[in-house]
Every structure is written in C-alpha cells, then in structure tokens.
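Below is final-v8.tsv, which holds TSV, C-alpha atoms.
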```
chain	number	residue	atom	x	y	z
A	1	MET	CA	-43.71	-133.36	42.70
A	2	TYR	CA	-43.14	-136.91	43.81
A	3	GLN	CA	-43.35	-138.99	46.90
A	4	ILE	CA	-40.29	-139.40	49.06
A	5	ASP	CA	-39.82	-141.38	52.22
A	6	GLN	CA	-36.69	-140.27	53.94
A	7	SER	CA	-35.55	-137.80	56.54
A	8	VAL	CA	-34.60	-134.41	55.27
A	9	PRO	CA	-30.85	-134.36	55.83
A	10	ALA	CA	-30.55	-130.97	57.50
A	11	THR	CA	-31.02	-131.48	61.25
A	12	PRO	CA	-30.57	-128.18	63.02
A	13	ASN	CA	-29.41	-127.90	66.59
A	14	LEU	CA	-31.89	-125.40	67.98
A	15	LEU	CA	-31.19	-124.13	71.47
A	16	GLY	CA	-29.25	-127.30	72.13
A	17	HIS	CA	-32.03	-129.56	70.92
A	18	HIS	CA	-32.03	-131.43	67.63
A	19	VAL	CA	-35.14	-131.25	65.54
A	20	SER	CA	-35.31	-133.41	62.47
A	21	VAL	CA	-38.03	-133.52	59.87
A	22	ARG	CA	-39.14	-136.73	58.24
A	23	ILE	CA	-41.20	-136.76	55.12
A	24	ASP	CA	-43.34	-139.88	55.20
A	25	GLN	CA	-45.09	-140.60	51.94
A	26	ALA	CA	-46.20	-136.99	51.61
A	27	ARG	CA	-46.03	-135.35	48.23
A	28	VAL	CA	-43.15	-132.95	48.75
A	29	ASP	CA	-40.55	-131.85	46.25
A	30	GLU	CA	-37.46	-132.96	48.12
A	31	ALA	CA	-35.02	-130.60	46.46
A	32	ALA	CA	-37.25	-127.57	46.88
A	33	TRP	CA	-38.03	-128.50	50.48
A	34	SER	CA	-34.38	-128.99	51.41
A	35	ALA	CA	-33.40	-125.70	49.81
A	36	GLN	CA	-36.12	-123.81	51.66
A	37	TRP	CA	-35.54	-125.54	55.01
A	38	THR	CA	-31.82	-124.94	54.75
A	39	ALA	CA	-32.33	-121.27	53.89
A	40	LEU	CA	-34.79	-120.79	56.74
A	41	LEU	CA	-32.50	-122.29	59.36
A	42	ALA	CA	-29.18	-121.28	57.85
A	43	PRO	CA	-27.79	-119.68	61.04
A	44	TRP	CA	-28.41	-122.94	62.91
A	45	LEU	CA	-27.22	-125.32	60.26
A	46	ALA	CA	-23.93	-123.52	59.81
A	47	PRO	CA	-23.00	-122.42	63.33
A	48	GLU	CA	-19.68	-121.07	62.21
A	49	ARG	CA	-21.65	-118.40	60.39
A	50	ASN	CA	-23.15	-117.19	63.57
A	51	PRO	CA	-21.55	-116.94	67.02
A	52	GLU	CA	-24.90	-117.07	68.84
A	53	ALA	CA	-25.82	-120.34	67.24
A	54	ALA	CA	-22.45	-121.81	68.12
A	55	LEU	CA	-22.75	-120.63	71.71
A	56	LEU	CA	-26.26	-122.00	71.99
A	57	ALA	CA	-25.18	-125.31	70.62
A	58	ALA	CA	-22.21	-125.50	72.94
A	59	ALA	CA	-24.01	-124.28	76.05
A	60	GLY	CA	-27.15	-126.32	75.93
A	61	ALA	CA	-26.58	-129.23	73.66
A	62	GLU	CA	-27.51	-132.72	74.71
A	63	GLU	CA	-25.29	-135.56	73.65
A	64	PRO	CA	-26.19	-135.94	69.98
A	65	ASP	CA	-26.81	-139.66	70.32
A	66	SER	CA	-29.09	-139.27	73.33
A	67	PRO	CA	-32.76	-139.94	72.66
A	68	GLN	CA	-33.44	-136.93	74.87
A	69	ALA	CA	-31.75	-134.73	72.31
A	70	HIS	CA	-34.17	-135.22	69.45
A	71	THR	CA	-37.62	-134.28	68.42
A	72	VAL	CA	-38.81	-135.71	65.12
A	73	LEU	CA	-41.42	-133.91	63.10
A	74	THR	CA	-43.05	-136.15	60.55
A	75	VAL	CA	-44.96	-134.91	57.54
A	76	HIS	CA	-47.71	-137.31	56.52
A	77	PRO	CA	-50.07	-137.09	53.61
A	78	TRP	CA	-53.62	-136.14	54.41
A	79	VAL	CA	-56.44	-137.07	52.17
A	80	GLY	CA	-58.88	-134.23	51.76
A	81	GLU	CA	-58.59	-130.50	51.75
A	82	ARG	CA	-55.45	-130.44	53.86
A	83	PRO	CA	-52.61	-132.17	52.04
A	84	TYR	CA	-50.18	-132.28	54.96
A	85	THR	CA	-50.33	-133.49	58.55
A	86	ILE	CA	-47.35	-132.74	60.77
A	87	SER	CA	-46.93	-134.94	63.84
A	88	GLN	CA	-44.41	-134.59	66.63
A	89	GLN	CA	-42.40	-137.35	68.26
A	90	HIS	CA	-40.84	-135.92	71.39
A	91	PRO	CA	-38.09	-137.61	73.41
A	92	PRO	CA	-39.15	-140.47	75.70
A	93	GLY	CA	-40.71	-139.45	78.96
A	94	THR	CA	-41.78	-136.05	77.80
A	95	GLU	CA	-45.18	-134.71	78.81
A	96	ILE	CA	-45.69	-132.43	75.82
A	97	PRO	CA	-48.88	-133.61	74.12
A	98	GLY	CA	-47.47	-133.41	70.58
A	99	LEU	CA	-50.73	-132.57	68.89
A	100	PRO	CA	-50.75	-132.87	65.10
A	101	ASP	CA	-50.97	-129.81	62.91
A	102	TYR	CA	-52.03	-129.35	59.32
A	103	ALA	CA	-51.01	-127.41	56.26
A	104	ASN	CA	-52.62	-126.82	52.90
A	105	THR	CA	-49.61	-125.72	50.86
A	106	THR	CA	-45.89	-126.33	50.88
A	107	GLY	CA	-45.40	-122.74	52.08
A	108	ALA	CA	-47.75	-123.34	54.99
A	109	LEU	CA	-46.02	-126.64	55.65
A	110	LEU	CA	-42.70	-124.84	55.94
A	111	ARG	CA	-44.13	-122.25	58.31
A	112	VAL	CA	-45.81	-124.82	60.54
A	113	THR	CA	-42.74	-127.03	60.62
A	114	GLU	CA	-40.44	-124.14	61.49
A	115	ARG	CA	-42.79	-123.01	64.27
A	116	GLN	CA	-43.07	-126.52	65.66
A	117	ALA	CA	-39.30	-126.95	65.50
A	118	PHE	CA	-38.73	-123.86	67.63
A	119	GLU	CA	-41.57	-124.71	70.01
A	120	SER	CA	-40.04	-128.13	70.54
A	121	ALA	CA	-36.58	-126.69	70.98
A	122	VAL	CA	-37.76	-124.18	73.56
A	123	ALA	CA	-39.81	-126.81	75.40
A	124	HIS	CA	-36.78	-129.09	75.72
A	125	SER	CA	-34.14	-126.42	76.32
A	126	SER	CA	-32.25	-126.42	79.59
A	127	TYR	CA	-31.35	-122.74	79.89
A	128	PRO	CA	-32.27	-121.29	83.29
A	129	LEU	CA	-34.36	-118.64	81.59
A	130	VAL	CA	-35.95	-118.51	78.14
A	131	VAL	CA	-38.07	-115.42	77.71
A	132	HIS	CA	-40.58	-114.55	75.01
A	133	ALA	CA	-38.72	-111.36	74.26
A	134	GLY	CA	-36.75	-109.38	71.77
A	135	ALA	CA	-33.14	-108.67	72.70
A	136	VAL	CA	-30.33	-106.49	71.43
A	137	SER	CA	-26.71	-105.94	72.39
A	138	ARG	CA	-24.09	-103.25	72.04
A	139	ASN	CA	-20.61	-102.88	73.52
A	140	GLY	CA	-21.00	-105.82	75.87
A	141	ALA	CA	-24.45	-104.94	77.20
A	142	ALA	CA	-27.79	-106.45	76.32
A	143	LEU	CA	-31.35	-105.14	76.59
A	144	VAL	CA	-34.28	-107.53	76.85
A	145	PHE	CA	-37.81	-106.62	75.73
A	146	PRO	CA	-40.31	-109.07	77.22
A	147	ALA	CA	-43.70	-108.70	75.63
A	148	ILE	CA	-46.67	-110.48	74.26
A	149	SER	CA	-47.05	-111.02	70.53
A	150	SER	CA	-48.07	-107.95	68.54
A	151	ALA	CA	-46.47	-105.62	71.06
A	152	GLY	CA	-43.99	-104.37	68.49
A	153	LYS	CA	-41.00	-106.45	69.59
A	154	THR	CA	-39.79	-107.25	66.07
A	155	THR	CA	-39.93	-103.71	64.72
A	156	LEU	CA	-38.35	-102.27	67.85
A	157	THR	CA	-35.66	-104.93	68.07
A	158	PHE	CA	-34.60	-104.66	64.45
A	159	SER	CA	-34.80	-100.86	64.30
A	160	LEU	CA	-32.49	-100.36	67.27
A	161	ALA	CA	-29.63	-101.07	64.87
A	162	ARG	CA	-29.97	-97.37	64.08
A	163	LEU	CA	-28.52	-96.71	67.53
A	164	GLY	CA	-25.92	-99.43	67.24
A	165	TRP	CA	-27.94	-102.02	69.16
A	166	LEU	CA	-27.79	-105.16	67.05
A	167	PRO	CA	-30.51	-107.79	67.40
A	168	LEU	CA	-29.97	-111.04	69.28
A	169	GLY	CA	-33.45	-112.17	68.33
A	170	ASP	CA	-36.94	-110.80	68.07
A	171	ASP	CA	-39.06	-113.25	70.03
A	172	ILE	CA	-37.05	-115.89	71.88
A	173	CYS	CA	-34.36	-114.85	74.32
A	174	PRO	CA	-32.46	-117.67	76.05
A	175	CYS	CA	-30.27	-116.56	78.92
A	176	VAL	CA	-27.38	-118.39	80.52
A	177	GLU	CA	-25.93	-117.61	83.92
A	178	ALA	CA	-22.19	-117.00	83.95
A	179	ASP	CA	-20.12	-115.49	86.74
A	180	GLY	CA	-23.23	-114.32	88.54
A	181	GLU	CA	-24.64	-112.57	85.48
A	182	PHE	CA	-27.37	-113.42	83.06
A	183	VAL	CA	-26.09	-113.39	79.51
A	184	ALA	CA	-28.62	-113.02	76.71
A	185	VAL	CA	-27.41	-115.37	74.00
A	186	GLY	CA	-30.11	-114.65	71.50
A	187	CYS	CA	-31.90	-116.68	68.90
A	188	PRO	CA	-31.18	-115.84	65.25
A	189	ARG	CA	-34.56	-116.86	63.93
A	190	CYS	CA	-36.44	-115.12	61.15
A	191	GLY	CA	-38.92	-112.52	62.27
A	192	HIS	CA	-42.40	-112.03	60.89
A	193	VAL	CA	-42.25	-108.47	59.59
A	194	SER	CA	-45.52	-106.87	58.55
A	195	ILE	CA	-45.69	-104.71	55.47
A	196	GLY	CA	-45.98	-101.61	57.61
A	197	SER	CA	-43.00	-102.61	59.73
A	198	GLU	CA	-40.93	-103.41	56.68
A	199	LEU	CA	-41.59	-99.98	55.26
A	200	LEU	CA	-40.65	-98.37	58.56
A	201	LEU	CA	-37.46	-100.40	58.82
A	202	ARG	CA	-36.41	-99.79	55.22
A	203	LYS	CA	-37.08	-96.09	55.64
A	204	ALA	CA	-34.89	-96.13	58.73
A	205	GLY	CA	-32.08	-97.67	56.71
A	206	ILE	CA	-32.25	-101.08	58.41
A	207	GLU	CA	-30.96	-103.84	56.16
A	208	LEU	CA	-33.01	-107.00	56.14
A	209	GLU	CA	-32.51	-110.33	54.41
A	210	GLY	CA	-35.64	-111.76	52.90
A	211	PRO	CA	-38.23	-112.84	52.28
A	212	VAL	CA	-36.24	-115.85	53.50
A	213	ALA	CA	-36.96	-119.19	51.79
A	214	GLY	CA	-39.52	-117.41	49.69
A	215	LEU	CA	-41.85	-117.12	52.68
A	216	SER	CA	-43.90	-113.98	52.65
A	217	ARG	CA	-42.98	-111.57	55.47
A	218	TYR	CA	-40.12	-113.75	56.83
A	219	PHE	CA	-37.09	-111.51	57.30
A	220	ARG	CA	-33.94	-111.52	59.36
A	221	PRO	CA	-31.26	-108.92	60.02
A	222	THR	CA	-28.08	-108.96	57.97
A	223	ARG	CA	-26.09	-108.42	61.16
A	224	TRP	CA	-26.63	-109.98	64.57
A	225	GLY	CA	-25.48	-108.77	67.97
A	226	ALA	CA	-23.04	-110.63	70.20
A	227	PRO	CA	-24.17	-112.35	73.41
A	228	ALA	CA	-23.86	-110.00	76.38
A	229	PRO	CA	-24.94	-109.60	80.01
A	230	VAL	CA	-28.46	-108.23	80.44
A	231	ARG	CA	-28.28	-104.63	81.67
A	232	ALA	CA	-31.91	-103.57	81.40
A	233	ILE	CA	-35.37	-105.10	81.04
A	234	ILE	CA	-37.73	-102.95	79.00
A	235	ALA	CA	-41.34	-103.99	78.50
A	236	PRO	CA	-42.52	-102.26	75.29
A	237	ARG	CA	-46.13	-101.11	74.93
A	238	TYR	CA	-47.14	-99.73	71.58
A	239	HIS	CA	-50.28	-97.63	71.41
A	240	GLU	CA	-50.83	-95.72	68.22
A	241	GLY	CA	-50.30	-92.02	68.80
A	242	ALA	CA	-49.46	-92.42	72.48
A	243	PRO	CA	-46.91	-90.00	73.95
A	244	LEU	CA	-43.61	-91.46	75.04
A	245	LYS	CA	-43.71	-92.62	78.63
A	246	ILE	CA	-41.01	-94.38	80.59
A	247	ALA	CA	-41.93	-95.86	83.94
A	248	ALA	CA	-39.51	-97.58	86.27
A	249	LEU	CA	-40.68	-100.92	87.62
A	250	THR	CA	-39.92	-102.38	91.00
A	251	GLN	CA	-37.59	-105.35	91.04
A	252	ALA	CA	-40.55	-107.61	91.71
A	253	GLU	CA	-42.42	-106.13	88.77
A	254	GLY	CA	-39.34	-106.63	86.58
A	255	ALA	CA	-39.16	-110.25	87.65
A	256	ALA	CA	-42.87	-110.65	87.03
A	257	ALA	CA	-42.51	-109.16	83.55
A	258	LEU	CA	-39.84	-111.75	82.81
A	259	PHE	CA	-41.64	-114.63	84.47
A	260	GLY	CA	-44.88	-113.80	82.74
A	261	ALA	CA	-43.09	-114.08	79.41
A	262	THR	CA	-41.30	-117.36	80.06
A	263	PHE	CA	-42.21	-120.56	78.27
A	264	GLN	CA	-43.55	-123.78	79.70
A	265	ARG	CA	-40.65	-126.21	79.55
A	266	GLU	CA	-39.93	-129.87	80.16
A	267	ARG	CA	-36.59	-129.68	81.92
A	268	VAL	CA	-36.88	-126.47	83.90
A	269	SER	CA	-39.65	-126.11	86.48
A	270	ARG	CA	-41.80	-123.01	86.75
A	271	HIS	CA	-40.36	-122.49	90.20
A	272	ASP	CA	-36.82	-122.50	88.88
A	273	GLU	CA	-37.78	-120.04	86.14
A	274	TRP	CA	-39.39	-117.85	88.77
A	275	ALA	CA	-36.20	-117.94	90.84
A	276	ALA	CA	-34.08	-117.17	87.79
A	277	ALA	CA	-36.31	-114.24	86.87
A	278	ALA	CA	-35.90	-112.91	90.39
A	279	ARG	CA	-32.11	-113.19	90.18
A	280	LEU	CA	-32.02	-111.36	86.87
A	281	ALA	CA	-34.37	-108.64	88.12
A	282	ARG	CA	-32.06	-108.04	91.07
A	283	SER	CA	-29.24	-107.12	88.72
A	284	ALA	CA	-30.97	-105.28	85.88
A	285	PRO	CA	-33.36	-102.34	86.21
A	286	ALA	CA	-36.75	-102.75	84.57
A	287	PHE	CA	-39.03	-100.30	82.84
A	288	THR	CA	-42.17	-100.04	80.80
A	289	LEU	CA	-41.78	-98.09	77.60
A	290	THR	CA	-45.04	-96.79	76.17
A	291	TYR	CA	-44.72	-95.30	72.71
A	292	GLY	CA	-46.75	-94.28	69.74
A	293	SER	CA	-44.11	-94.17	67.03
A	294	LEU	CA	-40.85	-95.87	66.22
A	295	ASP	CA	-38.89	-92.64	66.64
A	296	SER	CA	-40.25	-92.13	70.13
A	297	ALA	CA	-39.47	-95.75	71.02
A	298	LEU	CA	-35.86	-95.29	69.98
A	299	ALA	CA	-35.68	-92.03	71.92
A	300	GLY	CA	-37.07	-93.84	74.95
A	301	VAL	CA	-34.53	-96.64	74.76
A	302	ASP	CA	-31.78	-94.06	74.31
A	303	THR	CA	-32.98	-92.20	77.40
A	304	ILE	CA	-33.04	-95.36	79.49
A	305	THR	CA	-29.65	-96.55	78.36
A	306	HIS	CA	-27.99	-93.15	78.88
A	307	ALA	CA	-29.44	-92.91	82.37
A	308	PHE	CA	-28.70	-96.43	83.57
A	309	LEU	CA	-25.89	-97.96	81.54
B	1	MET	CA	-45.21	-95.10	98.49
B	2	ALA	CA	-47.96	-96.07	96.10
B	3	GLU	CA	-51.02	-98.07	97.02
B	4	PRO	CA	-50.46	-101.80	97.41
B	5	GLN	CA	-50.24	-103.47	94.04
B	6	ILE	CA	-50.09	-106.98	92.80
B	7	GLY	CA	-49.00	-107.94	89.32
B	8	ALA	CA	-48.44	-110.90	87.02
B	9	GLY	CA	-50.98	-113.61	87.39
B	10	SER	CA	-53.41	-111.41	89.29
B	11	THR	CA	-57.03	-112.05	88.56
B	12	GLY	CA	-57.78	-108.36	88.72
B	13	GLY	CA	-60.59	-106.81	90.73
B	14	ALA	CA	-61.15	-108.02	94.24
B	15	GLY	CA	-64.40	-108.49	96.02
B	16	GLY	CA	-64.86	-107.35	99.59
B	17	ILE	CA	-63.63	-109.11	102.65
B	18	ALA	CA	-65.01	-109.19	106.16
B	19	GLU	CA	-62.84	-106.95	108.29
B	20	ASP	CA	-63.02	-109.15	111.34
B	21	VAL	CA	-61.57	-112.18	109.58
B	22	ALA	CA	-57.98	-113.08	110.40
B	23	LEU	CA	-56.01	-114.44	107.46
B	24	ARG	CA	-52.76	-116.29	107.33
B	25	ARG	CA	-50.23	-116.79	104.57
B	26	ARG	CA	-50.37	-120.26	103.10
B	27	ASP	CA	-47.30	-122.10	104.30
B	28	ASP	CA	-46.27	-123.41	100.90
B	29	VAL	CA	-46.33	-120.04	99.13
B	30	GLU	CA	-42.76	-118.94	98.65
B	31	SER	CA	-41.96	-115.28	99.13
B	32	GLU	CA	-38.86	-113.27	98.40
B	33	ILE	CA	-38.25	-109.69	99.46
B	34	LEU	CA	-36.08	-107.84	96.97
B	35	ALA	CA	-33.62	-105.04	97.66
B	36	ASP	CA	-36.07	-102.28	96.77
B	37	GLY	CA	-38.66	-103.57	99.23
B	38	SER	CA	-40.89	-105.17	96.62
B	39	CYS	CA	-41.79	-108.81	97.01
B	40	LEU	CA	-42.25	-111.83	94.82
B	41	LEU	CA	-44.63	-114.66	95.61
B	42	PHE	CA	-44.68	-118.09	94.01
B	43	ASP	CA	-47.64	-120.41	94.38
B	44	PRO	CA	-46.49	-124.00	93.80
B	45	ARG	CA	-50.06	-125.21	93.41
B	46	SER	CA	-50.83	-123.03	90.43
B	47	ASN	CA	-47.23	-122.36	89.33
B	48	ASN	CA	-48.12	-118.67	89.24
B	49	GLY	CA	-45.84	-115.87	90.34
B	50	TYR	CA	-46.95	-112.53	91.73
B	51	ALA	CA	-45.26	-109.21	92.31
B	52	LEU	CA	-46.11	-107.04	95.30
B	53	ASN	CA	-44.91	-103.52	95.80
B	54	ALA	CA	-43.52	-102.48	99.16
B	55	ALA	CA	-46.95	-101.77	100.65
B	56	GLY	CA	-48.16	-105.13	99.40
B	57	ALA	CA	-45.10	-106.75	100.92
B	58	LEU	CA	-45.99	-105.18	104.28
B	59	ILE	CA	-49.51	-106.57	104.05
B	60	TRP	CA	-48.19	-110.01	103.17
B	61	ASP	CA	-45.91	-109.86	106.17
B	62	TYR	CA	-48.78	-108.88	108.46
B	63	CYS	CA	-50.91	-111.80	107.32
B	64	ASP	CA	-49.72	-114.26	109.95
B	65	GLY	CA	-53.12	-114.94	111.45
B	66	ALA	CA	-52.61	-112.66	114.44
B	67	LEU	CA	-54.50	-109.63	113.14
B	68	SER	CA	-57.83	-109.28	111.41
B	69	ALA	CA	-58.04	-107.83	107.92
B	70	GLY	CA	-59.41	-104.60	109.35
B	71	ALA	CA	-56.61	-104.36	111.88
B	72	ILE	CA	-53.98	-104.89	109.17
B	73	ALA	CA	-55.59	-102.16	107.07
B	74	ASP	CA	-55.52	-99.86	110.10
B	75	GLU	CA	-51.83	-100.62	110.59
B	76	LEU	CA	-51.06	-99.80	106.94
B	77	ALA	CA	-53.03	-96.56	107.12
B	78	HIS	CA	-51.09	-95.64	110.26
B	79	LEU	CA	-47.72	-96.56	108.78
B	80	LEU	CA	-48.35	-94.80	105.47
B	81	PRO	CA	-50.39	-91.72	106.36
B	82	ASP	CA	-49.46	-89.88	103.16
B	83	ALA	CA	-50.85	-92.56	100.88
B	84	PRO	CA	-54.42	-91.67	99.97
B	85	ASP	CA	-57.10	-94.17	100.78
B	86	MET	CA	-54.59	-96.63	102.17
B	87	ARG	CA	-57.05	-98.43	104.40
B	88	THR	CA	-59.40	-99.18	101.53
B	89	GLN	CA	-56.52	-100.15	99.28
B	90	ALA	CA	-55.10	-102.47	101.90
B	91	LEU	CA	-58.44	-104.22	102.34
B	92	ALA	CA	-58.71	-104.63	98.57
B	93	MET	CA	-55.22	-106.11	98.47
B	94	ILE	CA	-56.04	-108.58	101.25
B	95	ALA	CA	-59.19	-109.56	99.37
B	96	THR	CA	-57.20	-110.10	96.18
B	97	LEU	CA	-54.60	-112.24	97.92
B	98	SER	CA	-57.41	-114.22	99.49
B	99	GLN	CA	-59.21	-114.65	96.16
B	100	LEU	CA	-56.00	-115.94	94.65
B	101	GLY	CA	-55.90	-118.57	97.37
B	102	LEU	CA	-52.64	-117.29	98.79
B	103	LEU	CA	-54.18	-116.56	102.19
B	104	GLN	CA	-56.27	-118.84	104.33
B	105	ARG	CA	-58.54	-118.18	107.26
B	106	GLN	CA	-56.93	-118.51	110.65
B	107	GLU	CA	-58.84	-121.22	112.50
```
Target format structure tokens, applied to this file:
Amino acid sequence: MYQIDQSVPATPNLLGHHVSVRIDQARVDEAAWSAQWTALLAPWLAPERNPEAALLAAAGAEEPDSPQAHTVLTVHPWVGERPYTISQQHPPGTEIPGLPDYANTTGALLRVTERQAFESAVAHSSYPLVVHAGAVSRNGAALVFPAISSAGKTTLTFSLARLGWLPLGDDICPCVEADGEFVAVGCPRCGHVSIGSELLLRKAGIELEGPVAGLSRYFRPTRWGAPAPVRAIIAPRYHEGAPLKIAALTQAEGAAALFGATFQRERVSRHDEWAAAARLARSAPAFTLTYGSLDSALAGVDTITHAFL
Amino acid sequence: MAEPQIGAGSTGGAGGIAEDVALRRRDDVESEILADGSCLLFDPRSNNGYALNAAGALIWDYCDGALSAGAIADELAHLLPDAPDMRTQALAMIATLSQLGLLQRQE
C-alpha cells in the first residue's frame, strides 16, 4: 500500500454523466483499485461490449468537456477508525448536498464509491423517466418492475432469463421516448444477490458473473437484454408462502407506481416525471404480482405476458 | 366500480369531515383523467402525485365549491347504487383529499 495523488484513469459514462474518482492522499493500492473499479464498471467503460451502455451514452451524454457533465468523487484519508472519506463535487449550480461518506476497508470504499457514482449519475441524468425498477426484454418488448428495495426485483429480473426475458437491469431503469413510445434502455449494473437468491438462480440454471471485482454478493448476468418499448408495468410483491395473485391496476395506479419509484433529479422536475409516468401508463397495462415463490412469480409473468402481449 | 381510492403519496386513514362544508379543488393542483376513467393529481407544492380511481375522479370533479361534502356523498351514492357503503366511502375520500391539502373550504 502506498499513497497516490492522482485521478483513477477510468472515467465511466454512466447514464450520460461522467463520474471520475480522485484519490487524494489516501492509502489506496492504485493497481488493485484500478483493476477492481474497471471490473465493476466494465460494461460502462467499454461501451462496445454492451449495446445498452452505448445507447445510454449516446442518448443522454453531455458534451464531455462541459462542467455539467462531471461529478468528481474524491477519496480522502481519514484519521481514526474510518480510513476513507469520500466527498462529492457535483457540477456547478447543482442543489445536491453532496454529503461525505465513509469506509473502513478498500472493499467498503469500492462499494460506497460505486453507489455514489450511480446516485450521482441518476441525479444528473436527463432521461424523461428513470425508475427504481428491474426491467427485462424479449423479442422487442420490455417489462418494467417498479418496486422498493427488498421486493425481490433482482431475483425476479435475473431469473426471467428462464423464459427468455433477458435483464436490462435490476434496480435502475432509464426510459427514453421515441416515436411516441417509452423505450426501456436498461442499466447494466451489478446486482446485490443474496446467498438465498444466488442458490435459487443457480438452481434455475441462470448464469451469473461474479462475485465481480471480488465484492461479496456482487453479480451480474452473463447476457443482457436489448432496449425495447415498455409493454407492461408489473409491481412485484413478495410475501413468503403467499399464493400467486395478479391484479390489474388502473392507468392512474400504474402511473403512480412508476412515479412513486422515480428518483429525485436535478435536470428533470417532479412534474415532468409525473407527466412522463402518465404517458407511459397510458400505453402499457399495469399489474401487481403477489407471489410466494420464484416459480409462481415466473408463472405470473408468463400469464400476464400471454394475456396482454 | 370499487369504492373511491387514492394511492401513491396518500397519508392513509382519513379523519371525519363536516358534511355541511363545501370544498373546492385547489386551483394549482393539476389533474389528468386517463382513458379508463381513473385520474392523476399532481400537487406542485409538495411535488406529490396521487392516483384516484373512477369514483375518486368523480368526487374530485364534484369538488368545485358548489356542493357540500354531504351532498357530494349523496350524489355518489345515487350514481353508484351497487357499490356498498358508497356514501361513507365518499365522505372518507373527501376527508383524505382535504387532509392532503388538495381541497380548500369554499368561502
């Protein structure tokens, strides 16, 4: 370990926003850090490897030289029990508070930095709609699963590969509007897969890459879906042992499910997100899917898609 | 048609409301009726959005200050005779909308 004082060279373009990391006098092994950071954000650093990343970069990117296009995360040393402090420098004029965060280990530092990078990217993104949701696509149609954390989005999203639905992302779903349709472009970020979920997914024959960058429970699919118009909104609700229940939502409830899962952003007002959610809900039916097992969830999605797609 | 419902951003249970009070939609609350009869509200003060089902949309439409809460509930019960307990549900919905600050007393 030694002290370095330079920006880590890999600057990913996340959702059209550049997030660079600067190590400032903190004791970080530069080579190890760069290798882990690069592995963690590989789909974004090498867009040609991933069509979603390329589309995201092309659709939402600021001019690279614009100060509005960059957030800088700086890792400082911290004397005491927490070796690392991570501060955020957002573009000029931004109202995001940029509160510092802390990490005790290099693994924790990587996790915190990755989370802050995506939070910054989402906050500065200019897509009409960015939903806290899993999303999958198949044959030119996408399904969006808006839900709170711990609702089973990751397991459901990744496992749908069994039915040919490939993941666009498990927790951030940016949508662009093209030709009057909302296209889910996805977000190929690692998912946090619990031990139980990993066992379920492996048992189901789902291939996962990971643990990525050596981070415990960080996995991503080996195959991603292609961006596609949203054809259904499905709000998943996992309750252990619950019988499968599919309930159709009104269009307003579908819009509310989307709007309730949108992120606070700098460049898109809440009103505009509300209006975008309403437009999407007009064109895609919405449901709640209550399930108590992965098999019943897949059966439920299959029922919905056979009935409405 | 189900009882009037409000979703997303709702504060939940509503207290009572005096039936003789006339309430009016706040002018700056944006509403949008969707093709299935449901309705979306957006409150620019709180940046909250709300979903109303078709019965809720009817109530929202009635809240123009001309009728009292009790009279609106009577209208809903008359329009939707098959819905159980519609009058009580309508009053609860009006109370909820009022609690959320989306309605104001007609002076």
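As for CA of Leu99 in chain A and CA of Ala117 in chain A, they are spaced 13.2 Å apart.
In terms of minimum interatomic distance to chain A, B:Ala51 ranks closest within B:Ile17, B:Ala51, B:Leu58, B:Cys63, counting all atoms listed in the file.
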If we count only C-alpha atoms and set the cut-off at 12 Å, which residues sit around Ser159 in chain A, ignoring sequence neighbours fewer than 6 positions away in its own chain? Please answer as a VMD selection string. chain A and resid 134 to 136 152 to 153 165 to 167 170 193 197 to 208 220 to 221 223 293 to 299 301
What's around Ala32 in chain A at 12 Å? Count only C-alpha atoms, leave out sequence neighbours fewer than 2 positions away in its own chain, and write the answer as a VMD selection string. chain A and resid 1 to 2 8 27 to 30 34 to 39 106 to 107 110 213 to 214
Here is a test: counting only C-alpha atoms, which residue of A:Leu280, A:Leu309, A:Val268, A:Ala255 is nearest to chain B?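 Using only C-alpha atoms, the shortest distance to chain B belongs to A:Ala255.
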Show me, as JSON lines, the residues of chain B having an atom within 6 Å of chain A, each with the closest atom pair and its distance in Å, using all atoms listed in the file.
```
{"residue": "B:Ala8", "atom": "CA", "partner": "A:Ala256", "partner_atom": "CA", "distance": 5.6}
{"residue": "B:Ser38", "atom": "CA", "partner": "A:Ala252", "partner_atom": "CA", "distance": 5.5}
{"residue": "B:Cys39", "atom": "CA", "partner": "A:Ala252", "partner_atom": "CA", "distance": 5.6}
{"residue": "B:Leu40", "atom": "CA", "partner": "A:Ala252", "partner_atom": "CA", "distance": 5.5}
{"residue": "B:Ala51", "atom": "CA", "partner": "A:Ala252", "partner_atom": "CA", "distance": 5.0}
```
Nearest to Arg25 in chain B, restricted to only C-alpha atoms and choosing among B:Gly56, B:Asp64, B:Leu91, B:Asp74, comes out as B:Asp64
When you draw a straight line from CA of His192 in chain A to CA of Ser216 in chain A, how long is it in Å?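 Separating CA of His192 in chain A from CA of Ser216 in chain A is a distance of 8.6 Å.
Atom to atom, CA of Gln104 in chain B and CA of Leu52 in chain B stand 18.0 Å apart.
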Selection near Pro83 in chain A, 12 Å with only C-alpha atoms, sequence-local residues under 6 positions removed, as a PyMOL selection string: chain A and resi 25-28+75-77+101-109
Among the residues A:Glu95, A:His306, A:Ser20, A:Leu45, the one that comes closest to Leu73 in chain A [using only C-alpha atoms]: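 Among the listed residues, the smallest separation from Leu73 in chain A belongs to A:Ser20.
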Could you give me, as a list in words, the residues within 7 Å of Ile172 in chain A, counting all atoms listed in the file and dropping anything in the same chain fewer than 5 positions from it? Val130, Val131, His132, Ala133, Gly134 and Cys187 of chain A
Spatial neighbours of range 77-82 of chain B, 9 Å, only C-alpha atoms, chain gap at least 5 places, as a list in words: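 Near neighbours after the sequence-gap exclusion: Met1, Ala55, Ile72, Arg87, Thr88 and Ala90 of chain B.
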Residue nearest Arg105 in chain B - candidates B:Gly16, B:Gly37, B:Pro44, B:Gly65, atoms counted: all atoms listed in the file: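 Smallest distance to Arg105 in chain B is found for B:Gly65.
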Compare A:Tyr238, A:Tyr127, A:Pro43, A:Thr74 by their minimum atom-to-atom distance to Val176 in chain A, counting only C-alpha atoms, and give me the closest one. A:Tyr127
Taking all listed atoms of range 31-47 of chain B, build the axis-aligned box, pad each of the six sides by 6 Å, then write its centre and edge lengths in Å to one decimal as AutoDock Vina command-line options.
```
--center_x -42.2 --center_y -113.7 --center_z 94.4 --size_x 29.2 --size_y 34.9 --size_z 22.1
```
